[in-house]
Amino acid sequence: GQNIDQPTEMTATEGAIVQINCTYQTSGFNGLFWYQQHAGEAPTFLSYNVLDGLEEKGRFSSFLSRSKGYSYLLLKELQMKDSASYLCAVRENSGNTPLVFGKGTRLSVIA
Amino acid sequence: DAMVIQNPRYQVTQFGKPVTLSCSQTLNHNVMYWYQQKSSQAPKLLFHYYDKDFNNEADTPDNFQSRRPNTSFCFLDIRSPGLGDAAMYLCATRSGRHYNEQFFGPGTRLTVL
């Protein structure tokens, strides 16, 4: 079966750093994605990891450990506009296999 | 500049009245997906196409049908909407040759009265 877990909600302060964790148990693994979704809007792509390690892209970084079935999204220098849901998604196989999404973590950035 | 377009953005229908949601893309991507997303839940895949090859998820209700007349367009037909079908419907595309991201449209929020 498929199981992707992430915390339901998190709160952090403007200017701070926050780490959103994701653990997964899937029948296969061919990449892990993080998407940002503002309320009422479509998800937008943030990052992709297929090999172990850290991928950095501006204020956002994503880490993957395949042996542990674990990823995190790190957001630095938080801004109010970062308040959104962050979805972890796994592609189980190569080819055209659709993504399997977690339920998302709703991040609230407060002043 | 729009890449994945969904119309309408907001759709209101009556219980049992058929409704069609549309998606178009300017990316020439082979793969198109339809997801249903309810409040505070993960997007749930309904079906996807690789070119004209249709793949239906096992738990997608028979009430939901899809058509893809050409590469650019894909439709979601809900034959007899129930109150439980009220949700955001997301269309997404991906290149069959590019193993990375799916591009999502802005979604259609369906309300069933």
# chains A, B, ... in the order shown; residues from 1 in each chain; ligands from 1
$ residues_around --residues "Gly16 in chain B" --least-positions-apart "5" --cutoff "8 Å" --atoms "only C-alpha atoms" --output "ChimeraX atom specification"
/B:79-82
$ select_by_dssp --residues "chain A" --states "strand (DSSP E)" --output "NGL selection string"
:A and (3-5 or 9-13 or 18-25 or 32-37 or 44-49 or 53-57 or 60-65 or 70-75 or 84-91 or 99-101 or 105-110)
$ residues_around --residues "Gln79 in chain A" --least-positions-apart "2" --cutoff "12 Å" --atoms "only C-alpha atoms" --output "list of chain:residue names"
A:Ala12, A:Thr13, A:Glu14, A:Gly15, A:Ala16, A:Ile17, A:Val18, A:Arg59, A:Phe60, A:Leu75, A:Lys76, A:Glu77, A:Lys81, A:Asp82, A:Ser83, A:Ala84, A:Leu107, A:Ser108, A:Val109, A:Ile110, A:Ala111
$ closest_atom_pairs --of "chain A" --to "chain B" --cutoff "6 Å" --atoms "only C-alpha atoms" --output "JSON lines"
{"residue": "A:Glu41", "atom": "CA", "partner": "B:Pro106", "partner_atom": "CA", "distance": 5.8}
{"residue": "A:Ala42", "atom": "CA", "partner": "B:Pro106", "partner_atom": "CA", "distance": 4.8}
{"residue": "A:Phe101", "atom": "CA", "partner": "B:Ala42", "partner_atom": "CA", "distance": 5.7}
{"residue": "A:Gly102", "atom": "CA", "partner": "B:Ala42", "partner_atom": "CA", "distance": 5.6}
{"residue": "A:Lys103", "atom": "CA", "partner": "B:Ala42", "partner_atom": "CA", "distance": 4.1}
$ write_last_selection --atoms "all heavy atoms" --output "mmCIF file, in the first residue's frame"
data_model
loop_
_atom_site.group_PDB
_atom_site.id
_atom_site.type_symbol
_atom_site.label_atom_id
_atom_site.label_comp_id
_atom_site.auth_asym_id
_atom_site.auth_seq_id
_atom_site.Cartn_x
_atom_site.Cartn_y
_atom_site.Cartn_z
ATOM 1 N N GLU A 41 -6.085 27.650 -4.474
ATOM 2 C CA GLU A 41 -5.292 27.682 -5.705
ATOM 3 C C GLU A 41 -4.698 26.308 -6.001
ATOM 4 O O GLU A 41 -4.730 25.402 -5.175
ATOM 5 C CB GLU A 41 -4.174 28.725 -5.594
ATOM 6 C CG GLU A 41 -4.702 30.137 -5.413
ATOM 7 C CD GLU A 41 -3.582 31.170 -5.349
ATOM 8 O OE1 GLU A 41 -2.424 30.818 -5.669
ATOM 9 O OE2 GLU A 41 -3.869 32.312 -4.966
ATOM 10 N N ALA A 42 -4.136 26.177 -7.190
ATOM 11 C CA ALA A 42 -3.525 24.912 -7.582
ATOM 12 C C ALA A 42 -2.149 24.753 -6.958
ATOM 13 O O ALA A 42 -1.485 25.742 -6.632
ATOM 14 C CB ALA A 42 -3.405 24.852 -9.101
ATOM 15 N N PHE A 101 0.055 11.777 -3.377
ATOM 16 C CA PHE A 101 0.210 12.953 -2.523
ATOM 17 C C PHE A 101 -0.071 12.635 -1.064
ATOM 18 O O PHE A 101 -0.953 11.825 -0.743
ATOM 19 C CB PHE A 101 -0.772 14.048 -2.952
ATOM 20 C CG PHE A 101 -0.357 14.792 -4.189
ATOM 21 C CD1 PHE A 101 -0.710 14.341 -5.443
ATOM 22 C CD2 PHE A 101 0.400 15.950 -4.091
ATOM 23 C CE1 PHE A 101 -0.326 15.026 -6.586
ATOM 24 C CE2 PHE A 101 0.790 16.645 -5.214
ATOM 25 C CZ PHE A 101 0.428 16.189 -6.468
ATOM 26 N N GLY A 102 0.669 13.298 -0.168
ATOM 27 C CA GLY A 102 0.282 13.358 1.228
ATOM 28 C C GLY A 102 -0.828 14.375 1.393
ATOM 29 O O GLY A 102 -1.189 15.094 0.455
ATOM 30 N N LYS A 103 -1.358 14.473 2.614
ATOM 31 C CA LYS A 103 -2.477 15.372 2.867
ATOM 32 C C LYS A 103 -2.055 16.829 2.983
ATOM 33 O O LYS A 103 -2.892 17.718 3.003
ATOM 34 C CB LYS A 103 -3.226 14.956 4.125
ATOM 35 C CG LYS A 103 -3.969 13.648 3.976
ATOM 36 C CD LYS A 103 -4.812 13.333 5.200
ATOM 37 C CE LYS A 103 -5.601 12.053 4.974
ATOM 38 N NZ LYS A 103 -6.470 11.736 6.129
#
$ atom_distance --atom1 "CA of Lys68 in chain A" --atom2 "CA of Phe29 in chain A"
12.1 Å
